[in-house]
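Engineer: Shown below is the structure under consideration.
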Amino acid sequence: MVLSELAARLNCAEYKNWVKAGHCLLLLRDCLQGFVGREVLAFHRGLLAASRGLDPRATCLTVSRCIPRARQFQPQCQVCSEWKREILKHHTNRNGDIHWGNCRPGLWPVDAWEVAKVIKCRNEIMHSSEMKVSSVWLRDFQRKIQNFLNEFRSIPEIVAVYSTMEQLLTSDWAVHIPEEDERDGCEYEAGVHLSMSQVNEIEMELLKEKLQEMYLQAKEQEVLPEEISNQLAVVKEFLRKNKDLRTGLTEDMQKLDSLHLQHQKLESKEPEAQTPEGKA
């Protein structure tokens, strides 16, 4: 029964915390898209204006060789070298791991979003392998979100979702198996009702985001194949127990499985290629 599966999931406090925090981040992302877009373009224009070494008309002459690999990027031309140096000046993790592999350096002079891909934040929610977070973690998350919302309350889109996020993070989603005369779903403490289908949509969106994040990690080799294998096993076991979610994620799972299998095959071939030929 679909409702019994939903009830079992949301009556697990840690999973419910994960869903609430993840939904909050997706709401925040959606309402900030316009603002972030303007800031990214302004940042890119600022880089071009502040550095004599950067020129929007300059192009990478060694595109086939200026290719980043996961955390490694050694530019082979002056244009990409200048851009890398300037990006590092503004990166908050300049002395640590920087994932260069998800961007195309040859487009840095003309595409602001290719620069933004390097300066990105880690989404801890999507990196939760068990899809569970503690109540202590959620309270700390709530404090950080409220501080963020207060700082950006001048943005109209933030004002529009401020109360919704507060209710979301402070409510206790409780799902019960209803009698025939009761409504299916869950409610915020403030009385905002979420239907079973709405909760299911929230879960599906979060799980799709998680699978997409895992796919990008595997594609750019940001994590070890063993870690991807472990995360895949957790998700597969979760979907095995929750048939109501499994059907809508079949394509995403197949795409991730296929990529992971390719990496495993490549890894198995590498030791063979490095093995010295035996003597006759």
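To be explicit about the labels: the chains of the structure tokens are called A, B, and onward in the order shown, and within each one the residues are counted from 1, while ligands get numbers from 1 in the order they are shown.
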Write out as a VMD selection string all residues of region 82-245 of chain A that backbone DSSP assigns to helix (DSSP H, G or I).

Structural biologist: chain A and resid 82 to 90 105 to 107 112 to 116 135 to 151 156 to 170 196 to 219 225 to 241 243 to 245

Engineer: Would you mind listing what lies within 10 Å of region 51-54 of chain A as a list in words, with only C-alpha atoms counted and same-chain residues fewer than 3 positions away left out?

Structural biologist: Gly46, Leu47, Leu48, Arg57, Ala58, Gln78, Val79, Cys80, Ser81, Glu82, Trp83, Arg85, Glu86, Trp108 and Pro109 of chain A

Engineer: Leaving out region 130-133 of chain A and any residue of its chain fewer than 6 positions from it, which residues lie within 10 Å of it when counting only C-alpha atoms, given as a compact mmCIF listing (two decimals) with all heavy atoms, in the first residue's frame?

Structural biologist:
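So around-v8.txt came out as:
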```txt
# COMPACT_ATOMS: atom_id res chain seq x y z
N CYS A 12 10.19 7.84 10.18
CA CYS A 12 11.62 7.71 10.51
C CYS A 12 12.15 9.15 10.62
O CYS A 12 12.23 9.86 9.61
CB CYS A 12 12.37 6.94 9.43
SG CYS A 12 14.17 7.00 9.61
N ALA A 13 12.48 9.58 11.82
CA ALA A 13 12.83 10.99 12.07
C ALA A 13 14.01 11.45 11.21
O ALA A 13 13.98 12.55 10.66
CB ALA A 13 13.16 11.19 13.55
N GLU A 14 15.04 10.60 11.08
CA GLU A 14 16.24 11.02 10.34
C GLU A 14 15.95 11.20 8.85
O GLU A 14 16.45 12.13 8.21
CB GLU A 14 17.38 10.01 10.53
CG GLU A 14 17.96 9.99 11.93
CD GLU A 14 17.12 9.15 12.88
OE1 GLU A 14 16.15 8.50 12.40
OE2 GLU A 14 17.41 9.15 14.08
N TYR A 15 15.14 10.30 8.28
CA TYR A 15 14.78 10.45 6.87
C TYR A 15 13.89 11.68 6.67
O TYR A 15 14.07 12.43 5.72
CB TYR A 15 14.06 9.19 6.36
CG TYR A 15 13.54 9.34 4.94
CD1 TYR A 15 14.41 9.26 3.85
CD2 TYR A 15 12.19 9.57 4.69
CE1 TYR A 15 13.94 9.41 2.55
CE2 TYR A 15 11.71 9.72 3.39
CZ TYR A 15 12.59 9.63 2.32
OH TYR A 15 12.13 9.79 1.04
N LYS A 16 12.96 11.87 7.58
CA LYS A 16 12.08 13.03 7.50
C LYS A 16 12.90 14.32 7.58
O LYS A 16 12.63 15.28 6.84
CB LYS A 16 11.05 12.98 8.63
CG LYS A 16 10.05 14.12 8.61
CD LYS A 16 8.86 13.83 9.53
CE LYS A 16 9.28 13.56 10.95
NZ LYS A 16 8.12 13.33 11.84
N ASN A 17 13.92 14.35 8.43
CA ASN A 17 14.80 15.52 8.50
C ASN A 17 15.50 15.76 7.17
O ASN A 17 15.65 16.91 6.73
CB ASN A 17 15.87 15.30 9.60
CG ASN A 17 15.28 15.34 11.00
OD1 ASN A 17 14.18 15.84 11.21
ND2 ASN A 17 16.01 14.80 11.95
N TRP A 18 15.94 14.68 6.53
CA TRP A 18 16.63 14.79 5.23
C TRP A 18 15.69 15.37 4.17
O TRP A 18 16.09 16.24 3.40
CB TRP A 18 17.13 13.40 4.81
CG TRP A 18 17.88 13.39 3.52
CD1 TRP A 18 19.18 13.77 3.31
CD2 TRP A 18 17.40 12.97 2.24
NE1 TRP A 18 19.53 13.62 1.99
CE2 TRP A 18 18.46 13.13 1.30
CE3 TRP A 18 16.16 12.48 1.78
CZ2 TRP A 18 18.32 12.81 -0.05
CZ3 TRP A 18 16.03 12.15 0.43
CH2 TRP A 18 17.10 12.32 -0.47
N VAL A 19 14.45 14.90 4.16
CA VAL A 19 13.47 15.38 3.18
C VAL A 19 13.16 16.86 3.42
O VAL A 19 13.13 17.67 2.49
CB VAL A 19 12.17 14.56 3.25
CG1 VAL A 19 11.09 15.18 2.36
CG2 VAL A 19 12.43 13.12 2.80
N ALA A 21 15.00 19.19 4.99
CA ALA A 21 16.16 20.04 4.68
C ALA A 21 16.39 20.11 3.17
O ALA A 21 16.67 21.18 2.62
CB ALA A 21 17.41 19.49 5.37
N GLY A 22 16.26 18.98 2.50
CA GLY A 22 16.44 18.97 1.05
C GLY A 22 15.39 19.79 0.32
O GLY A 22 15.70 20.55 -0.60
N GLU A 124 25.67 19.18 1.21
CA GLU A 124 25.78 18.10 2.16
C GLU A 124 24.56 17.19 2.16
O GLU A 124 24.65 16.00 2.45
CB GLU A 124 26.00 18.66 3.57
CG GLU A 124 27.36 19.31 3.77
CD GLU A 124 27.58 19.73 5.21
OE1 GLU A 124 27.04 19.06 6.11
OE2 GLU A 124 28.28 20.71 5.44
N LEU A 206 13.84 15.19 -4.74
CA LEU A 206 15.08 15.06 -3.97
C LEU A 206 15.90 13.86 -4.43
O LEU A 206 17.12 13.95 -4.58
CB LEU A 206 14.75 14.92 -2.49
CG LEU A 206 14.43 16.19 -1.72
CD1 LEU A 206 14.01 15.85 -0.30
CD2 LEU A 206 15.64 17.11 -1.70
N LEU A 207 15.24 12.74 -4.65
CA LEU A 207 15.95 11.54 -5.07
C LEU A 207 16.56 11.71 -6.46
O LEU A 207 17.66 11.24 -6.73
CB LEU A 207 15.01 10.34 -5.02
CG LEU A 207 14.65 9.87 -3.61
CD1 LEU A 207 13.48 8.90 -3.65
CD2 LEU A 207 15.85 9.23 -2.93
N LYS A 210 19.60 13.73 -6.01
CA LYS A 210 20.68 12.92 -5.43
C LYS A 210 21.33 12.05 -6.49
O LYS A 210 22.57 11.96 -6.57
CB LYS A 210 20.14 12.05 -4.29
CG LYS A 210 21.23 11.17 -3.66
CD LYS A 210 20.72 10.41 -2.47
CE LYS A 210 21.82 9.51 -1.92
NZ LYS A 210 23.01 10.27 -1.46
N ASN A 230 29.07 2.03 -3.02
CA ASN A 230 28.38 1.98 -1.73
C ASN A 230 27.11 2.82 -1.74
O ASN A 230 26.07 2.39 -1.22
CB ASN A 230 29.33 2.47 -0.63
CG ASN A 230 30.50 1.55 -0.40
OD1 ASN A 230 30.44 0.36 -0.73
ND2 ASN A 230 31.58 2.07 0.14
N GLN A 231 27.18 4.02 -2.34
CA GLN A 231 26.01 4.87 -2.41
C GLN A 231 24.91 4.24 -3.27
O GLN A 231 23.73 4.31 -2.94
CB GLN A 231 26.38 6.24 -2.97
CG GLN A 231 27.22 7.10 -2.03
CD GLN A 231 27.41 8.51 -2.56
OE1 GLN A 231 26.47 9.15 -3.02
NE2 GLN A 231 28.63 8.99 -2.53
N VAL A 234 23.09 1.56 -1.36
CA VAL A 234 22.14 2.13 -0.39
C VAL A 234 20.86 2.56 -1.09
O VAL A 234 19.75 2.26 -0.62
CB VAL A 234 22.78 3.32 0.36
CG1 VAL A 234 21.72 4.05 1.19
CG2 VAL A 234 23.91 2.86 1.26
N VAL A 235 21.00 3.27 -2.22
CA VAL A 235 19.83 3.76 -2.94
C VAL A 235 19.00 2.59 -3.48
O VAL A 235 17.76 2.60 -3.40
CB VAL A 235 20.24 4.70 -4.10
CG1 VAL A 235 19.02 5.07 -4.94
CG2 VAL A 235 20.90 5.95 -3.55
N PHE A 238 17.09 1.04 -0.69
CA PHE A 238 16.00 1.95 -0.31
C PHE A 238 14.83 1.83 -1.30
O PHE A 238 13.67 1.73 -0.89
CB PHE A 238 16.52 3.39 -0.28
CG PHE A 238 15.46 4.42 -0.03
CD1 PHE A 238 15.03 4.69 1.26
CD2 PHE A 238 14.89 5.13 -1.08
CE1 PHE A 238 14.06 5.65 1.50
CE2 PHE A 238 13.92 6.10 -0.85
CZ PHE A 238 13.49 6.35 0.44
```

Engineer: Compile the contact shell of Val115 (chain A) as an MDAnalysis selection string: residues with an atom at most 12 Å away, counting only C-alpha atoms, same-chain residues fewer than 5 positions apart removed.

Structural biologist: chainID A and resid 40:45 47:48 80 83:84 86:88 90:91 99:110 120

Engineer: Those same residues, written as a PDB file, in the first residue's frame with C-alpha atoms?

Structural biologist:
```pdb
ATOM      1  CA  VAL A  40      27.403  35.408 -11.616  1.00  0.00           C
ATOM      2  CA  LEU A  41      27.365  37.767 -14.598  1.00  0.00           C
ATOM      3  CA  ALA A  42      28.514  40.678 -12.419  1.00  0.00           C
ATOM      4  CA  PHE A  43      31.346  38.570 -10.957  1.00  0.00           C
ATOM      5  CA  HIS A  44      32.497  37.559 -14.449  1.00  0.00           C
ATOM      6  CA  ARG A  45      32.451  41.178 -15.650  1.00  0.00           C
ATOM      7  CA  LEU A  47      37.112  39.606 -13.245  1.00  0.00           C
ATOM      8  CA  LEU A  48      37.502  40.887 -16.785  1.00  0.00           C
ATOM      9  CA  CYS A  80      43.730  29.268 -19.432  1.00  0.00           C
ATOM     10  CA  TRP A  83      42.066  32.453 -15.868  1.00  0.00           C
ATOM     11  CA  LYS A  84      43.061  29.687 -13.470  1.00  0.00           C
ATOM     12  CA  GLU A  86      42.491  34.663 -11.268  1.00  0.00           C
ATOM     13  CA  ILE A  87      39.874  32.095 -10.234  1.00  0.00           C
ATOM     14  CA  LEU A  88      42.141  30.803  -7.462  1.00  0.00           C
ATOM     15  CA  HIS A  90      38.640  34.257  -5.382  1.00  0.00           C
ATOM     16  CA  HIS A  91      38.169  30.602  -4.456  1.00  0.00           C
ATOM     17  CA  HIS A  99      36.980  20.113  -8.683  1.00  0.00           C
ATOM     18  CA  TRP A 100      38.051  21.417 -12.069  1.00  0.00           C
ATOM     19  CA  GLY A 101      36.657  18.488 -14.022  1.00  0.00           C
ATOM     20  CA  ASN A 102      33.091  19.752 -14.387  1.00  0.00           C
ATOM     21  CA  CYS A 103      34.002  22.875 -16.392  1.00  0.00           C
ATOM     22  CA  ARG A 104      35.383  23.761 -19.827  1.00  0.00           C
ATOM     23  CA  PRO A 105      38.288  26.226 -19.415  1.00  0.00           C
ATOM     24  CA  GLY A 106      38.192  27.241 -23.072  1.00  0.00           C
ATOM     25  CA  LEU A 107      34.836  28.927 -22.389  1.00  0.00           C
ATOM     26  CA  TRP A 108      35.943  30.917 -19.328  1.00  0.00           C
ATOM     27  CA  PRO A 109      36.506  34.162 -21.296  1.00  0.00           C
ATOM     28  CA  VAL A 110      32.929  34.222 -22.646  1.00  0.00           C
ATOM     29  CA  LYS A 120      30.576  25.969  -6.240  1.00  0.00           C
TER      30      LYS A 120
END
```

Engineer: For His127 (chain A), which of A:Glu213, A:Glu226, A:Gln254, A:Gly34 is the closest residue, counting only C-alpha atoms?

Structural biologist: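 Result for the nearest residue to His127 (chain A): A:Glu213.
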
Engineer: Report, in Å with one decimal, the straight-line distance from CA of Met204 (chain A) to CA of Ile155 (chain A).

Structural biologist: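 Atom-to-atom, CA of Met204 (chain A) to CA of Ile155 (chain A), that is 28.5 Å.
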
Engineer: Can you measure CA of Asn123 (chain A) to CA of Thr247 (chain A) for me? One decimal in Å is fine.

Structural biologist: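 Spanning CA of Asn123 (chain A) to CA of Thr247 (chain A) is a straight-line distance of 25.5 Å.
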
Engineer: For Lys208 (chain A), please output as a list in words all residues within 12 Å (counting only C-alpha atoms; exclusion window: fewer than 5 positions along the same chain).

Structural biologist: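 Close residues of Lys208 (chain A): Gly22, Leu26, Met126, Glu201, Ile202, Glu203, Glu213, Met214, Tyr215, Val235, Leu245, Arg246, Gly248, Leu249, Thr250, Glu251, Asp252, Met253, Lys255 and Leu256 of chain A.
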
Engineer: Would you mind reading off the distance between CA of Asp257 (chain A) and CA of Lys236 (chain A), one decimal, in Å?

Structural biologist: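 These two atoms are separated by 10.6 Å.
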
Engineer: Compile the contact shell of Val161 (chain A) as a PyMOL selection string: residues with an atom at most 10 Å away, counting only C-alpha atoms, same-chain residues fewer than 3 positions apart removed.

Structural biologist: chain A and resi 24+27-28+31+149+156-158+164-166

Engineer: Taking the DSSP assignment computed from this structure's backbone, write out as a ChimeraX atom specification all residues of region 49-207 of chain A that belong to strand (DSSP E or B).

Structural biologist: /A:69,72,185-187,193-195

Engineer: Next, dump the selected residues to file, keeping only N, CA, C and O atoms, as a PDB file, in the first residue's frame.

Structural biologist:
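Okay, selection_38.pdb is ready:
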```
ATOM      1  N   ARG A  69      41.009  17.208 -15.304  1.00  0.00           N
ATOM      2  CA  ARG A  69      40.678  15.848 -14.897  1.00  0.00           C
ATOM      3  C   ARG A  69      40.392  15.846 -13.411  1.00  0.00           C
ATOM      4  O   ARG A  69      41.307  15.966 -12.590  1.00  0.00           O
ATOM      5  N   GLN A  72      42.476  17.794 -10.922  1.00  0.00           N
ATOM      6  CA  GLN A  72      43.729  18.212 -11.543  1.00  0.00           C
ATOM      7  C   GLN A  72      43.467  19.041 -12.801  1.00  0.00           C
ATOM      8  O   GLN A  72      42.631  18.686 -13.619  1.00  0.00           O
ATOM      9  N   GLY A 185      -2.361  12.207   3.972  1.00  0.00           N
ATOM     10  CA  GLY A 185      -1.332  13.227   3.839  1.00  0.00           C
ATOM     11  C   GLY A 185      -0.705  13.557   5.161  1.00  0.00           C
ATOM     12  O   GLY A 185      -0.786  12.812   6.122  1.00  0.00           O
ATOM     13  N   CYS A 186      -0.041  14.728   5.240  1.00  0.00           N
ATOM     14  CA  CYS A 186       0.572  15.175   6.478  1.00  0.00           C
ATOM     15  C   CYS A 186       0.369  16.673   6.589  1.00  0.00           C
ATOM     16  O   CYS A 186       0.019  17.332   5.617  1.00  0.00           O
ATOM     17  N   GLU A 187       0.567  17.203   7.779  1.00  0.00           N
ATOM     18  CA  GLU A 187       0.297  18.608   7.984  1.00  0.00           C
ATOM     19  C   GLU A 187       1.443  19.288   8.705  1.00  0.00           C
ATOM     20  O   GLU A 187       2.131  18.685   9.513  1.00  0.00           O
ATOM     21  N   HIS A 193      -1.708  21.917   4.875  1.00  0.00           N
ATOM     22  CA  HIS A 193      -1.842  20.498   4.572  1.00  0.00           C
ATOM     23  C   HIS A 193      -1.088  20.129   3.308  1.00  0.00           C
ATOM     24  O   HIS A 193      -1.149  20.826   2.303  1.00  0.00           O
ATOM     25  N   LEU A 194      -0.344  19.027   3.381  1.00  0.00           N
ATOM     26  CA  LEU A 194       0.319  18.465   2.217  1.00  0.00           C
ATOM     27  C   LEU A 194      -0.344  17.133   1.895  1.00  0.00           C
ATOM     28  O   LEU A 194      -0.457  16.271   2.761  1.00  0.00           O
ATOM     29  N   SER A 195      -0.790  16.991   0.670  1.00  0.00           N
ATOM     30  CA  SER A 195      -1.404  15.727   0.269  1.00  0.00           C
ATOM     31  C   SER A 195      -0.326  14.671   0.093  1.00  0.00           C
ATOM     32  O   SER A 195       0.871  14.963   0.010  1.00  0.00           O
TER      33      SER A 195
END
```

Engineer: Could you check the closest approach to Leu61 (chain A) for each of A:Cys77, A:Ala116, A:Leu211, A:Ala49 and tell me which residue wins, using only C-alpha atoms?

Structural biologist: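 Among the listed residues, the smallest separation from Leu61 (chain A) belongs to A:Cys77.
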
Engineer: Measuring atom to atom with only C-alpha atoms, identify which of A:Phe152, A:Phe35, A:Trp173, A:Tyr162 is nearest to Ala8 (chain A).

Structural biologist: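 The answer is A:Trp173, which sits nearest to Ala8 (chain A).
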